[in-house]
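Report on the following structure.
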Amino acid sequence: MLHGYGSSILEGAWLTINLALSAMAMAIVLGLIGAAFRLSPLKWLARLGEGYTTLIRGIPDLVLILLIFYGGQDLVNRLALALGYTHYIDIDPFMAGVGTMGFIFGAYLSETFRGAFLAIHSGQGEAGAAYGMSGPQVFRRILLPQMIRLAIPGFTNNWLVLTKSTALISVIGLQDMMFKAKNAADATHEPFTFFLAVAALYLMLTSLSLLVLRYLEKHYSVGIKAAEL
């Protein structure tokens, strides 16, 4: 049915999964930093965090991907030449994809995390401090578990969008499953077959992700409904 291209597309699917997971790991770190900036009492930090989220969310993902990959590569080579390094530097498409997607979705997650932290009553942190907990202990034992529970719905949405957006990285030459499917479609002149196969793989990936994230949401919500009743 796939004319021998099935294994190639599955290899691309594995690369897509690695890309999505690596980019999300980076996005989580940037999201937490961005949320900390937005919630900072220092105005310049709060404005820096707001500028990051406003700028990134206002520019299309594809434009940022092309800008960072081609513009970033040109900038790196210009800097290398200025420092006396004469060899041309190629940015790896996978690393460019991880960096770009992580940078983009870090802005979205910063808003998700900020909203989750704001939903936690300030008295809980004060109660932890009153019990003698240090700042890191209050964050780790009281704030972080509740933030995770509150952020999971928004995190789920961002993960699904990021996973589907990985298809855009094929434009810079990363041989993910979209790239492999396009090559197979060009060779066989059967685009519907291969793009339908890729659509099915993306659907399987997002469906499995939903099951895992719903389990985590239930896990972190244990006892919450009972306590509310």
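Letters for chains follow the order of the structure tokens (A, B, ...), residue numbers begin at 1 for each chain, and ligand numbers begin at 1 in the order shown.
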
message = Need to verify the contact set: A:Arg38, 7 Å, only C-alpha atoms, exclusion of same-chain residues closer than 6 positions in sequence. Can you return it as a PyMOL selection string?
response = chain A and resi 45-46+49-50

request  = Please provide the set of residues having any atom within 7 Å of stretch 158-171 of chain A, restricted to only C-alpha atoms, with same-chain residues fewer than 4 positions apart removed, written as a PyMOL selection string.
outcome  = chain A and resi 16+20+62+97+154+175-176+178-179+206

Keeping only C-alpha atoms, take the residues you just selected and write them out as a PDB file, in the first residue's frame.
```
ATOM      1  CA  THR A  16       8.996  13.757  14.993  1.00  0.00           C
ATOM      2  CA  ALA A  20       8.249  17.245  19.987  1.00  0.00           C
ATOM      3  CA  LEU A  62       6.519  29.428  10.104  1.00  0.00           C
ATOM      4  CA  GLY A  97      13.672  22.789  15.152  1.00  0.00           C
ATOM      5  CA  GLY A 154      -3.635  24.380  29.197  1.00  0.00           C
ATOM      6  CA  GLN A 175      13.630  14.491   7.611  1.00  0.00           C
ATOM      7  CA  ASP A 176      10.604  14.002   9.827  1.00  0.00           C
ATOM      8  CA  MET A 178       6.134  14.946   6.823  1.00  0.00           C
ATOM      9  CA  PHE A 179       9.378  15.297   4.871  1.00  0.00           C
ATOM     10  CA  THR A 206      -2.251  13.042  19.821  1.00  0.00           C
TER      11      THR A 206
END
```

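Note that the spacing between atom CA of A:Leu21 and atom CA of A:Ile65 amounts to 17.4 Å.
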